[in-house]
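Note: the block below is upload_4.txt and it holds compact mmCIF, C-alpha atoms.
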# COMPACT_ATOMS: atom_id res chain seq x y z
CA MET A 209 3.19 95.46 -98.56
CA ASP A 210 6.40 93.20 -103.69
CA ALA A 211 3.17 95.75 -100.41
CA GLY A 212 4.60 91.88 -101.50
CA GLN A 213 5.08 93.51 -102.27
CA LEU A 214 4.37 95.43 -99.44
CA GLY A 215 4.55 94.71 -104.33
CA TRP A 216 4.49 95.09 -101.58
CA PHE A 217 5.83 94.31 -100.62
CA LYS A 218 7.74 91.65 -102.68
CA ARG A 219 11.25 91.65 -104.06
CA GLU A 220 11.69 90.86 -107.75
CA SER A 221 15.18 89.46 -107.34
CA LYS A 222 15.22 87.31 -110.47
CA ASP A 223 14.05 90.09 -112.73
CA ALA A 224 17.51 91.56 -112.65
CA VAL A 225 19.49 91.36 -115.82
CA SER A 226 22.59 92.18 -113.80
CA PRO A 227 23.03 92.73 -110.06
CA ASN A 228 24.89 95.92 -110.89
CA THR A 229 21.97 97.48 -112.79
CA SER A 230 20.95 100.04 -110.22
CA SER A 231 19.54 102.99 -112.10
CA ILE A 232 19.33 104.90 -115.32
CA SER A 233 21.32 108.09 -115.36
CA THR A 234 19.30 111.24 -115.79
CA ASP A 235 22.38 112.84 -117.25
CA SER A 236 21.73 110.93 -120.43
CA PRO A 237 19.48 112.49 -123.06
CA SER A 238 17.62 109.25 -123.50
CA VAL A 239 16.62 106.19 -121.51
CA PRO A 240 17.55 102.73 -122.83
CA SER A 241 14.62 101.14 -124.60
CA GLN A 242 15.58 97.47 -124.77
CA SER A 243 13.18 95.10 -123.07
CA LYS A 244 15.96 93.56 -121.03
CA THR A 245 16.61 96.99 -119.49
CA ALA A 246 12.92 97.41 -118.81
CA ILE A 247 12.92 94.42 -116.45
CA SER A 248 16.35 95.04 -114.94
CA TYR A 249 16.78 95.07 -111.21
CA LEU A 250 16.39 98.58 -109.75
CA THR A 251 18.57 98.91 -106.69
CA GLN A 252 17.04 102.05 -105.22
CA LEU A 253 13.62 100.41 -104.99
CA ASP A 254 14.95 98.35 -102.07
CA GLY A 255 15.45 101.64 -100.25
CA VAL A 256 11.89 102.70 -101.15
CA ARG A 257 10.61 99.44 -99.68
CA PHE A 258 12.51 100.25 -96.49
CA ILE A 259 10.93 103.70 -96.30
CA ALA A 260 7.44 102.28 -96.80
CA VAL A 261 7.75 99.54 -94.20
CA ALA A 262 9.40 101.93 -91.72
CA LEU A 263 6.39 104.25 -91.98
CA VAL A 264 4.04 101.36 -91.19
CA LEU A 265 6.08 100.10 -88.25
CA TYR A 266 6.40 103.53 -86.68
CA ASP A 267 2.68 104.17 -87.07
CA HIS A 268 1.66 100.88 -85.45
CA TRP A 269 4.18 101.02 -82.63
CA MET A 270 4.09 104.72 -81.81
CA ALA A 271 0.36 105.40 -82.26
CA GLU A 272 0.16 106.91 -78.78
CA ARG A 273 2.58 109.64 -79.80
CA ASN A 274 1.89 109.93 -83.52
CA SER A 275 -1.16 111.53 -85.15
CA ILE A 276 0.16 111.66 -88.72
CA PRO A 277 -1.17 108.90 -91.04
CA LEU A 278 2.29 107.45 -91.73
CA GLY A 279 1.07 103.85 -91.79
CA PRO A 280 -1.54 104.47 -94.49
CA LEU A 281 1.07 106.36 -96.50
CA GLY A 282 3.50 103.45 -96.23
CA VAL A 283 0.88 100.96 -97.41
CA THR A 284 -0.10 103.29 -100.27
CA ILE A 285 3.52 103.50 -101.42
CA PHE A 286 3.66 99.70 -101.37
CA PHE A 287 0.52 99.55 -103.51
CA VAL A 288 1.99 101.94 -106.09
CA LEU A 289 5.24 99.98 -106.10
CA SER A 290 3.34 96.74 -106.57
CA GLY A 291 1.37 98.23 -109.46
CA PHE A 292 4.63 99.34 -111.09
CA LEU A 293 6.42 96.01 -110.67
CA ILE A 294 3.65 93.67 -111.75
CA THR A 295 2.62 95.84 -114.71
CA ARG A 296 6.22 96.07 -115.85
CA ILE A 297 6.51 92.28 -115.68
CA LEU A 298 3.16 91.57 -117.31
CA LEU A 299 3.50 93.98 -120.21
CA SER A 300 7.07 92.85 -120.87
CA SER A 301 5.93 89.22 -120.79
CA LYS A 302 3.08 89.96 -123.17
CA ASP A 303 5.51 91.57 -125.62
CA LYS A 304 8.00 88.70 -125.42
CA LEU A 305 5.33 86.05 -125.98
CA ALA A 306 3.76 87.75 -129.01
CA GLY A 307 3.07 85.21 -131.73
CA ARG A 308 3.08 82.13 -129.49
CA PRO A 309 -0.13 80.09 -129.80
CA ASP A 310 -0.03 79.27 -126.09
CA ARG A 311 0.96 82.75 -124.95
CA LEU A 312 -2.02 83.36 -122.64
CA SER A 313 -1.62 80.11 -120.72
CA PHE A 314 2.17 80.51 -120.53
CA TYR A 315 1.84 84.17 -119.53
CA LEU A 316 -0.60 83.39 -116.70
CA LYS A 317 1.16 80.23 -115.55
CA THR A 318 4.55 81.90 -115.28
CA PHE A 319 3.21 84.95 -113.48
CA TYR A 320 1.16 83.04 -110.92
CA ILE A 321 3.81 80.42 -110.22
CA ARG A 322 6.42 83.10 -109.56
CA ARG A 323 4.03 85.13 -107.39
CA THR A 324 3.03 82.02 -105.45
CA ILE A 325 6.64 81.08 -104.79
CA ARG A 326 7.41 84.56 -103.51
CA ILE A 327 4.32 85.31 -101.45
CA PHE A 328 2.56 82.19 -100.22
CA PRO A 329 5.24 80.38 -98.15
CA LEU A 330 5.77 83.10 -95.54
CA TYR A 331 2.11 84.09 -95.43
CA TYR A 332 0.83 80.57 -94.85
CA PHE A 333 3.71 79.73 -92.53
CA SER A 334 2.74 82.66 -90.30
CA LEU A 335 -0.90 81.53 -90.37
CA PHE A 336 0.17 78.01 -89.43
CA ILE A 337 2.15 79.25 -86.42
CA LEU A 338 -0.71 81.48 -85.27
CA PHE A 339 -3.16 78.61 -85.71
CA VAL A 340 -1.03 76.13 -83.75
CA TYR A 341 -0.65 78.55 -80.86
CA ASN A 342 -4.30 79.54 -81.09
CA VAL A 343 -3.62 83.24 -81.41
CA PRO A 344 -7.00 84.88 -81.98
CA PRO A 345 -8.73 85.36 -84.29
CA VAL A 346 -6.93 83.01 -86.71
CA ARG A 347 -8.81 79.81 -85.87
CA GLU A 348 -12.16 81.58 -85.79
CA LYS A 349 -11.52 83.39 -89.10
CA LEU A 350 -9.34 80.79 -90.77
CA ALA A 351 -11.27 80.63 -94.05
CA TRP A 352 -11.05 84.40 -94.47
CA CYS A 353 -7.29 84.24 -93.86
CA VAL A 354 -6.59 81.27 -96.12
CA LEU A 355 -8.57 82.79 -98.99
CA TYR A 356 -6.85 86.18 -98.71
CA ALA A 357 -10.17 87.79 -97.85
CA THR A 358 -9.43 89.51 -94.55
CA ASN A 359 -10.03 92.92 -96.14
CA ILE A 360 -13.51 91.78 -97.19
CA TYR A 361 -14.20 90.58 -93.65
CA ILE A 362 -13.07 93.90 -92.19
CA ALA A 363 -15.12 95.90 -94.71
CA TYR A 364 -18.27 93.79 -94.27
CA TYR A 365 -18.25 93.49 -90.49
CA GLN A 366 -16.48 96.83 -89.95
CA GLU A 367 -14.23 95.40 -87.28
CA TRP A 368 -10.50 94.81 -87.16
CA MET A 369 -8.81 91.45 -86.63
CA GLY A 370 -6.25 92.05 -83.90
CA VAL A 371 -2.85 90.54 -84.53
CA ILE A 372 -3.65 89.98 -88.24
CA ASP A 373 -5.10 93.44 -88.88
CA HIS A 374 -2.36 94.20 -91.37
CA PHE A 375 -3.11 91.17 -93.55
CA TRP A 376 -5.85 93.24 -95.20
CA SER A 377 -3.29 94.89 -97.48
CA LEU A 378 -1.90 91.52 -98.54
CA ALA A 379 -5.45 90.47 -99.40
CA VAL A 380 -5.88 93.60 -101.53
CA GLU A 381 -2.70 92.79 -103.41
CA GLU A 382 -3.76 89.21 -104.10
CA GLN A 383 -7.14 90.38 -105.37
CA VAL A 384 -5.44 92.84 -107.69
CA TYR A 385 -3.26 89.97 -108.94
CA LEU A 386 -6.45 88.24 -110.05
CA ILE A 387 -7.51 91.26 -112.11
CA PHE A 388 -4.39 92.82 -113.60
CA PRO A 389 -2.93 89.90 -115.59
CA LEU A 390 -6.08 89.38 -117.66
CA LEU A 391 -6.80 93.10 -117.89
CA LEU A 392 -3.33 93.89 -119.22
CA PHE A 393 -3.34 90.90 -121.55
CA TYR A 394 -6.58 91.77 -123.32
CA VAL A 395 -6.34 95.56 -123.30
CA PRO A 396 -4.36 96.75 -126.37
CA ARG A 397 -1.14 98.48 -125.46
CA ARG A 398 -2.30 101.87 -126.73
CA HIS A 399 -5.33 101.72 -124.42
CA VAL A 400 -3.43 100.85 -121.24
CA PRO A 401 -3.03 104.50 -120.10
CA LEU A 402 -6.74 105.25 -120.60
CA THR A 403 -7.64 102.06 -118.75
CA MET A 404 -5.45 102.98 -115.80
CA TRP A 405 -6.74 106.56 -115.69
CA SER A 406 -10.25 105.09 -115.64
CA LEU A 407 -9.32 102.91 -112.65
CA ILE A 408 -7.86 105.93 -110.85
CA VAL A 409 -10.96 108.07 -111.43
CA PHE A 410 -13.28 105.20 -110.53
CA SER A 411 -11.45 104.54 -107.27
CA VAL A 412 -11.68 108.18 -106.15
CA ILE A 413 -15.37 108.39 -107.09
CA PHE A 414 -16.02 105.10 -105.29
CA ARG A 415 -14.43 106.42 -102.09
CA TYR A 416 -16.47 109.60 -102.35
CA PHE A 417 -19.63 107.54 -102.82
CA LEU A 418 -18.85 105.54 -99.67
CA TYR A 419 -18.20 108.77 -97.77
CA ALA A 420 -21.37 110.46 -99.04
CA GLN A 421 -23.44 107.39 -98.13
CA HIS A 422 -21.99 107.43 -94.60
CA TYR A 423 -20.28 104.06 -94.78
CA SER A 424 -17.67 103.47 -92.12
CA TRP A 425 -14.25 104.86 -93.02
CA VAL A 426 -12.94 101.32 -92.69
CA VAL A 427 -14.72 100.26 -95.88
CA ALA A 428 -13.04 102.94 -97.99
CA TYR A 429 -9.72 102.09 -96.38
CA VAL A 430 -9.53 98.31 -96.96
CA PHE A 431 -11.91 97.48 -99.83
CA THR A 432 -10.00 96.71 -103.02
CA PRO A 433 -11.99 98.97 -105.43
CA ALA A 434 -11.12 101.89 -103.15
CA CYS A 435 -7.39 101.17 -103.53
CA LEU A 436 -7.15 100.98 -107.31
CA ASP A 437 -5.87 104.51 -107.84
CA SER A 438 -2.61 103.45 -106.17
CA PHE A 439 -2.17 100.44 -108.44
CA GLY A 440 -3.29 102.45 -111.46
CA LEU A 441 -0.62 105.08 -110.91
CA GLY A 442 1.98 102.36 -110.49
CA ALA A 443 0.82 100.80 -113.76
CA LEU A 444 1.07 104.16 -115.53
CA LEU A 445 4.62 104.47 -114.30
CA ALA A 446 5.42 101.02 -115.72
CA TYR A 447 3.90 102.03 -119.07
CA LEU A 448 6.09 105.13 -119.16
CA TRP A 449 9.11 103.02 -118.26
CA LEU A 450 8.47 100.55 -121.07
CA TYR A 451 7.10 102.65 -123.90
CA GLN A 452 7.38 106.40 -123.21
CA LYS A 453 11.05 106.99 -122.49
CA GLU A 454 10.98 110.70 -123.35
CA TRP A 455 8.09 111.39 -120.97
CA LEU A 456 9.75 109.28 -118.31
CA HIS A 457 12.91 111.35 -118.55
CA ARG A 458 10.98 114.63 -118.42
CA LEU A 459 9.04 113.64 -115.32
CA PHE A 460 11.88 112.13 -113.31
CA ARG A 461 15.06 113.87 -114.43
CA ASN A 462 15.03 115.76 -111.13
CA SER A 463 13.30 115.52 -107.75
CA ASN A 464 10.85 118.39 -108.22
CA GLY A 465 7.89 116.02 -108.52
CA VAL A 466 8.82 114.30 -105.25
CA VAL A 467 9.15 117.59 -103.39
CA ILE A 468 5.92 119.10 -104.77
CA SER A 469 3.85 115.94 -104.18
CA LEU A 470 5.26 115.67 -100.65
CA LEU A 471 4.26 119.26 -99.90
CA VAL A 472 0.76 118.66 -101.31
CA TYR A 473 0.42 115.55 -99.16
CA ILE A 474 1.51 117.45 -96.04
CA LEU A 475 -0.96 120.25 -96.79
CA LEU A 476 -3.79 117.73 -97.17
CA VAL A 477 -2.90 116.11 -93.86
CA ILE A 478 -2.93 119.52 -92.20
CA LEU A 479 -6.26 120.32 -93.86
CA SER A 480 -7.78 117.06 -92.64
CA LYS A 481 -6.83 118.01 -89.07
CA THR A 482 -8.95 121.15 -89.31
CA PHE A 483 -12.14 119.05 -89.43
CA GLU A 484 -13.82 118.22 -86.16
CA ALA A 485 -14.29 114.58 -87.17
CA PRO A 486 -11.05 112.58 -87.52
CA HIS A 487 -12.48 110.77 -90.54
CA ASN A 488 -13.61 113.36 -93.07
CA VAL A 489 -13.79 113.92 -96.81
CA VAL A 490 -10.09 114.75 -96.99
CA SER A 491 -8.85 111.74 -95.06
CA GLU A 492 -11.31 109.28 -96.61
CA VAL A 493 -11.33 110.42 -100.24
CA TRP A 494 -8.23 112.42 -101.06
CA ASP A 495 -5.54 111.18 -98.67
CA ARG A 496 -4.89 107.96 -100.61
CA LEU A 497 -4.79 109.75 -103.96
CA ALA A 498 -2.27 112.29 -102.63
CA GLY A 499 -0.19 109.50 -101.12
CA SER A 500 -0.35 107.59 -104.40
CA VAL A 501 0.89 110.60 -106.36
CA LEU A 502 3.76 110.96 -103.88
CA GLY A 503 4.51 107.26 -104.30
CA PHE A 504 4.39 107.66 -108.09
CA PHE A 505 7.06 110.39 -108.08
CA LEU A 506 9.17 108.75 -105.36
CA ILE A 507 9.24 105.38 -107.12
CA GLY A 508 9.69 106.90 -110.55
CA ARG A 509 12.62 109.01 -109.41
CA ALA A 510 14.18 106.03 -107.59
CA ALA A 511 13.73 103.83 -110.67
CA VAL A 512 15.49 106.40 -112.83
CA GLY A 513 18.00 107.06 -110.08
CA PHE A 514 18.27 109.63 -107.31
CA LYS A 515 21.51 111.53 -106.99
CA GLY A 516 23.35 112.93 -103.97
CA TRP A 517 22.37 112.12 -100.39
CA MET A 518 19.12 110.41 -101.41
CA ARG A 519 21.04 108.02 -103.61
CA TRP A 520 23.32 107.21 -100.67
CA PHE A 521 20.34 106.64 -98.40
CA LEU A 522 18.49 104.35 -100.80
CA GLU A 523 21.54 102.39 -101.94
CA ASN A 524 23.44 101.96 -98.67
CA PRO A 525 23.65 98.32 -97.48
CA VAL A 526 21.41 98.84 -94.44
CA SER A 527 18.53 100.36 -96.41
CA ARG A 528 18.84 97.76 -99.15
CA TYR A 529 18.89 94.86 -96.71
CA LEU A 530 15.89 96.11 -94.76
CA GLY A 531 14.10 96.66 -98.06
CA GLN A 532 14.89 93.11 -99.13
CA ILE A 533 13.39 91.68 -95.95
CA SER A 534 10.50 94.17 -95.89
CA TYR A 535 7.92 91.45 -96.54
CA GLY A 536 8.98 89.64 -93.38
CA LEU A 537 9.17 92.90 -91.44
CA TYR A 538 5.61 93.66 -92.46
CA ILE A 539 4.30 90.17 -91.70
CA PHE A 540 5.91 89.91 -88.27
CA HIS A 541 5.82 93.45 -86.88
CA ASN A 542 2.25 93.14 -85.59
CA LEU A 543 3.15 89.86 -83.93
CA VAL A 544 6.02 91.56 -82.11
CA TYR A 545 3.93 94.51 -80.94
CA ASN A 546 0.99 96.69 -81.85
CA PHE A 547 -0.17 99.62 -79.75
CA TYR A 548 -3.84 98.89 -80.39
CA HIS A 549 -4.11 95.24 -79.44
CA THR A 550 -0.96 93.82 -77.77
CA PRO A 551 -1.86 92.82 -74.17
CA PRO A 552 0.53 93.38 -71.23
CA SER A 553 0.97 89.60 -71.02
CA HIS A 554 2.51 89.47 -74.50
CA PRO A 555 6.03 87.93 -74.38
CA THR A 556 7.76 90.96 -75.92
CA LEU A 557 6.23 93.31 -73.34
CA ARG A 558 6.98 90.90 -70.50
CA ILE A 559 10.64 90.82 -71.54
CA TRP A 560 10.74 94.61 -71.75
CA ASN A 561 9.12 94.99 -68.34
CA LYS A 562 11.62 92.53 -66.91
CA LEU A 563 14.48 94.57 -68.34
CA ALA A 564 12.91 97.70 -66.87
CA THR A 565 13.01 96.17 -63.38
CA TYR A 566 16.80 95.92 -63.68
CA VAL A 567 17.29 99.25 -65.45
CA PRO A 568 14.26 101.42 -64.57
CA ALA A 569 15.58 104.38 -66.55
CA ILE A 570 15.01 102.66 -69.93
CA ASP A 571 11.25 102.79 -69.43
CA GLN A 572 11.42 106.57 -69.50
CA PHE A 573 12.65 106.73 -73.08
CA PHE A 574 10.13 105.64 -75.68
CA VAL A 575 12.88 105.69 -78.34
CA LEU A 576 14.61 102.80 -76.59
CA LYS A 577 11.38 100.83 -76.52
CA PHE A 578 10.85 101.54 -80.22
CA PHE A 579 14.32 100.27 -81.11
CA TYR A 580 13.75 97.22 -78.92
CA PHE A 581 10.79 96.32 -81.13
CA VAL A 582 12.84 97.14 -84.24
CA VAL A 583 15.62 94.77 -83.23
CA LEU A 584 13.23 91.94 -82.42
CA THR A 585 11.38 92.35 -85.70
CA ILE A 586 14.59 92.49 -87.76
CA ILE A 587 15.84 89.31 -86.08
CA VAL A 588 12.63 87.42 -86.83
CA ALA A 589 12.40 88.76 -90.39
CA SER A 590 16.06 87.91 -91.03
CA LEU A 591 15.55 84.33 -89.87
CA SER A 592 12.52 84.14 -92.13
CA TRP A 593 14.49 85.53 -95.08
CA PHE A 594 17.50 83.21 -94.82
CA LEU A 595 15.73 80.04 -93.66
CA LEU A 596 12.47 80.21 -95.63
CA GLU A 597 12.01 83.02 -98.15
CA LYS A 598 15.38 83.15 -99.89
CA PRO A 599 15.77 79.38 -100.44
CA ILE A 600 12.21 79.04 -101.77
CA ASN A 601 12.52 82.23 -103.79
CA SER A 602 15.43 80.70 -105.72
CA LEU A 603 12.93 78.29 -107.29
CA LYS A 604 11.62 81.22 -109.37
CA ASP A 605 14.67 80.77 -111.59
CA ARG A 606 12.97 77.76 -113.15
CA PHE A 607 10.04 79.89 -114.28
CA SER A 608 11.69 82.77 -116.12
CA TYR A 609 11.65 83.60 -119.79
What is this file in structure tokens?
Amino acid sequence: MDAGQLGWFKRESKDAVSPNTSSISTDSPSVPSQSKTAISYLTQLDGVRFIAVALVLYDHWMAERNSIPLGPLGVTIFFVLSGFLITRILLSSKDKLAGRPDRLSFYLKTFYIRRTIRIFPLYYFSLFILFVYNVPPVREKLAWCVLYATNIYIAYYQEWMGVIDHFWSLAVEEQVYLIFPLLLFYVPRRHVPLTMWSLIVFSVIFRYFLYAQHYSWVVAYVFTPACLDSFGLGALLAYLWLYQKEWLHRLFRNSNGVVISLLVYILLVILSKTFEAPHNVVSEVWDRLAGSVLGFFLIGRAAVGFKGWMRWFLENPVSRYLGQISYGLYIFHNLVYNFYHTPPSHPTLRIWNKLATYVPAIDQFFVLKFFYFVVLTIIVASLSWFLLEKPINSLKDRFSY
């Protein structure tokens, strides 16, 4: 999840005009319309990344105690965020390059080089380590992993992939990156909203088709066409940010949209629990749309700028740092622990069990175990950020406009 992006899960550090550009005040009657403001760095989005990755980690580590679909919601927020960030970049780039005879090639080259620099090193480094240590199923499914096709494997064979289960969302993002640049380049600006609404409607109908035809819920969960409503809503938000300042201000001048969409999402989760089957029409068809709408309002409000306690939460150094390293947190958290597939012989569990022999009381508090996994994951992700991601990410400076 900058999803990358989580969009997700990926951090657009170089897109900042100034490191102090954190938000646009909703106290102002208008939102700045210059293109340089449109691609400015938005501080509160680091906090949103932290929220999204925290939901995923809690879901995967505390599955025994948690029945709320927090992990899917976290991934969905990453997808919406990714749709917002890449659309904002692509449409701005298209505008800046207007009139250049080589604008398509330059537009695509710059986008893909910058995405490759940000995403590929950590992803392929993690695959390399898993391959060397023969952690299943990486060697057996190496081609699927290398080609960013793990979501296709999961959808086709309807089986998960153990320690690399979560790579499906990274595969979805990469597949969207193949579609969106050309789509946004060739679609006239005035038709972008209609195009994105079409993607949203198509995605919901596609999920309903899969449900009605009794496909496994896994297909509707990981297959890229079934995820496009999230990216479409993110793209609509980017369009509002770039070209519809008045509508942007109306929608996000307060937090009403966040509160209402959160309540709707909670009601849908409650409704889904009333069905006898855990996977039903609500969870398979409507859950992602509701989560995407929540992500739309959360990200939009954060981009414009929350006030009060929410501003403090999103902008405090801890939230921002964890948001900055969210890509590494997402990549490594399943390697540290996952309730569904981590065996008792796994090093992290062996260390915990050893600690429990000296202090038996700690094994009685699941919160302590949760924070043990948190600390380990933050350490690994921090090493990844400072030793690998950040130095390589600085190379993006050479490929900016």
Per residue of stretch 256-319 of chain A within 10 Å of stretch 369-374 of chain A, note the shortest atom pair and the distance in Å to one decimal, counting only C-alpha atoms, and order the rows by chain and increasing residue number, as CSV.
residue,atom,partner,partner_atom,distance
A:Val264,CA,A:His374,CA,9.6
A:His268,CA,A:His374,CA,9.8
A:Val283,CA,A:His374,CA,9.6
Give me, as an mmCIF file with C-alpha atoms, in the coordinates of the input, all polymer residues having an atom no more than 10 Å from stretch 410-416 of chain A, counting all atoms listed in the file and skipping those fewer than 4 positions away in the same chain.
data_model
loop_
_atom_site.group_PDB
_atom_site.id
_atom_site.type_symbol
_atom_site.label_atom_id
_atom_site.label_comp_id
_atom_site.auth_asym_id
_atom_site.auth_seq_id
_atom_site.Cartn_x
_atom_site.Cartn_y
_atom_site.Cartn_z
ATOM 1 C CA MET A 404 -5.450 102.980 -115.800
ATOM 2 C CA TRP A 405 -6.740 106.560 -115.690
ATOM 3 C CA SER A 406 -10.250 105.090 -115.640
ATOM 4 C CA ALA A 420 -21.370 110.460 -99.040
ATOM 5 C CA GLN A 421 -23.440 107.390 -98.130
ATOM 6 C CA HIS A 422 -21.990 107.430 -94.600
ATOM 7 C CA TYR A 423 -20.280 104.060 -94.780
ATOM 8 C CA TRP A 425 -14.250 104.860 -93.020
ATOM 9 C CA VAL A 427 -14.720 100.260 -95.880
ATOM 10 C CA ALA A 428 -13.040 102.940 -97.990
ATOM 11 C CA TYR A 429 -9.720 102.090 -96.380
ATOM 12 C CA PHE A 431 -11.910 97.480 -99.830
ATOM 13 C CA THR A 432 -10.000 96.710 -103.020
ATOM 14 C CA PRO A 433 -11.990 98.970 -105.430
ATOM 15 C CA ALA A 434 -11.120 101.890 -103.150
ATOM 16 C CA CYS A 435 -7.390 101.170 -103.530
ATOM 17 C CA LEU A 436 -7.150 100.980 -107.310
ATOM 18 C CA ASP A 437 -5.870 104.510 -107.840
ATOM 19 C CA SER A 438 -2.610 103.450 -106.170
ATOM 20 C CA GLY A 440 -3.290 102.450 -111.460
ATOM 21 C CA VAL A 489 -13.790 113.920 -96.810
ATOM 22 C CA VAL A 490 -10.090 114.750 -96.990
ATOM 23 C CA GLU A 492 -11.310 109.280 -96.610
ATOM 24 C CA VAL A 493 -11.330 110.420 -100.240
ATOM 25 C CA TRP A 494 -8.230 112.420 -101.060
ATOM 26 C CA ARG A 496 -4.890 107.960 -100.610
ATOM 27 C CA LEU A 497 -4.790 109.750 -103.960
#
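Relative to atom CA of A:Met270, atom CA of A:Asp571 is found at 14.4 Å.
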Who sits within 12 Å of A:Leu448, only C-alpha atoms, same chain under 3 positions skipped, as number ranges by chain: A: 239, 241, 246, 292, 295-296, 299, 397-398, 400-401, 441-445, 451-460, 504, 508, 511-512
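You can rank A:Leu338, A:Pro555, A:Tyr361, A:Arg323 by their closest distance to A:Leu386 using all atoms listed in the file, and at the top of that list sits A:Arg323.
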Nearest residue to A:Tyr580 from the set A:Phe417, A:Tyr566, A:Tyr365, A:Trp560 (distances using all atoms listed in the file): A:Trp560
Could you state the separation of atom CA of A:Glu597 and atom CA of A:Gly499 in Å, given to one decimal place?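 Calculated distance between atom CA of A:Glu597 and atom CA of A:Gly499 is 29.3 Å.
With only C-alpha atoms as the atoms that count, the residue of A:Pro389, A:Gly536, A:Gly291, A:Pro345 with the shortest distance to A:Arg326 is A:Gly536.
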Atom CA of A:Thr284 to atom CA of A:Asp495, straight-line distance in Å: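 It comes out at 9.7 Å.
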Can you list, as a PyMOL selection string, every protein, DNA or RNA residue that comes within 6 Å of stretch 585-589 of chain A when you count all atoms listed in the file, leaving out same-chain residues fewer than 2 positions away? chain A and resi 536-537+541+582-583+591-592
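Each of A:Ser491, A:Glu381, A:Ile387, A:Asp605 was checked against A:Thr318 using only C-alpha atoms; the smallest atom-to-atom distance is that of A:Asp605.
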Residues near A:Leu316, anyone? I mean within 12 Å using all atoms listed in the file, not counting same-chain ones fewer than 5 positions away, as number ranges by chain. A: 297-299, 301-302, 305, 310-311, 321-324, 385-393, 607
Within 10 Å of stretch 480-487 of chain A: each stretch 345-446 of chain A residue with its shortest pair, only C-alpha atoms, as a Markdown table:
| residue | atom | partner | partner_atom | distance |
| --- | --- | --- | --- | --- |
| A:Tyr419 | CA | A:His487 | CA | 9.4 |
| A:Ser424 | CA | A:His487 | CA | 9.1 |
| A:Trp425 | CA | A:His487 | CA | 6.6 |
| A:Val426 | CA | A:His487 | CA | 9.7 |
Here's a test: counting only C-alpha atoms, identify every protein, DNA and RNA residue with an atom at most 6 Å from (-2.2, 113.2, -97.8) in the file's coordinate frame, and state them as a list in words.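 Protein, DNA and RNA residues close to (-2.2, 113.2, -97.8): Tyr473, Ile474, Leu476, Val477, Asp495, Ala498 and Gly499 of chain A.
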For a quick check of your reading of the model, name the residues lying within 6 Å of the coordinate (16.0, 104.5, -108.1), counting all atoms listed in the file, and write them as a compact mmCIF listing (two decimals) with C-alpha atoms, in the frame of the given file.
# COMPACT_ATOMS: atom_id res chain seq x y z
CA SER A 231 19.54 102.99 -112.10
CA GLN A 252 17.04 102.05 -105.22
CA LEU A 253 13.62 100.41 -104.99
CA ARG A 509 12.62 109.01 -109.41
CA ALA A 510 14.18 106.03 -107.59
CA ALA A 511 13.73 103.83 -110.67
CA VAL A 512 15.49 106.40 -112.83
CA GLY A 513 18.00 107.06 -110.08
CA PHE A 514 18.27 109.63 -107.31
Selected residue of minimal separation from A:Asp303 among A:Ala357, A:Leu450, A:Leu418, A:Ile408, counting only C-alpha atoms: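 Among the listed residues, the smallest separation from A:Asp303 belongs to A:Leu450.
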Please determine, counting all atoms listed in the file, which residue among A:Ala271, A:Ile539, A:Leu250, A:Val526 has the shortest atom-to-atom distance to A:Ser377.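 Counting all atoms listed in the file, the residue closest to A:Ser377 is A:Ile539.
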With a distance cut-off of 7 Å and only C-alpha atoms, select the neighbouring residues of stretch 255-258 of chain A, excluding the residue or stretch itself and same-chain residues fewer than 2 positions from it, and output the selection as a PDB file with C-alpha atoms, in the coordinates of the input.
ATOM      1  CA  GLN A 252      17.040 102.050-105.220  1.00  0.00           C
ATOM      2  CA  LEU A 253      13.620 100.410-104.990  1.00  0.00           C
ATOM      3  CA  ALA A 260       7.440 102.280 -96.800  1.00  0.00           C
ATOM      4  CA  VAL A 261       7.750  99.540 -94.200  1.00  0.00           C
ATOM      5  CA  ALA A 262       9.400 101.930 -91.720  1.00  0.00           C
ATOM      6  CA  LEU A 522      18.490 104.350-100.800  1.00  0.00           C
ATOM      7  CA  GLU A 523      21.540 102.390-101.940  1.00  0.00           C
ATOM      8  CA  SER A 527      18.530 100.360 -96.410  1.00  0.00           C
ATOM      9  CA  ARG A 528      18.840  97.760 -99.150  1.00  0.00           C
ATOM     10  CA  LEU A 530      15.890  96.110 -94.760  1.00  0.00           C
ATOM     11  CA  GLY A 531      14.100  96.660 -98.060  1.00  0.00           C
ATOM     12  CA  SER A 534      10.500  94.170 -95.890  1.00  0.00           C
TER      13      SER A 534
END
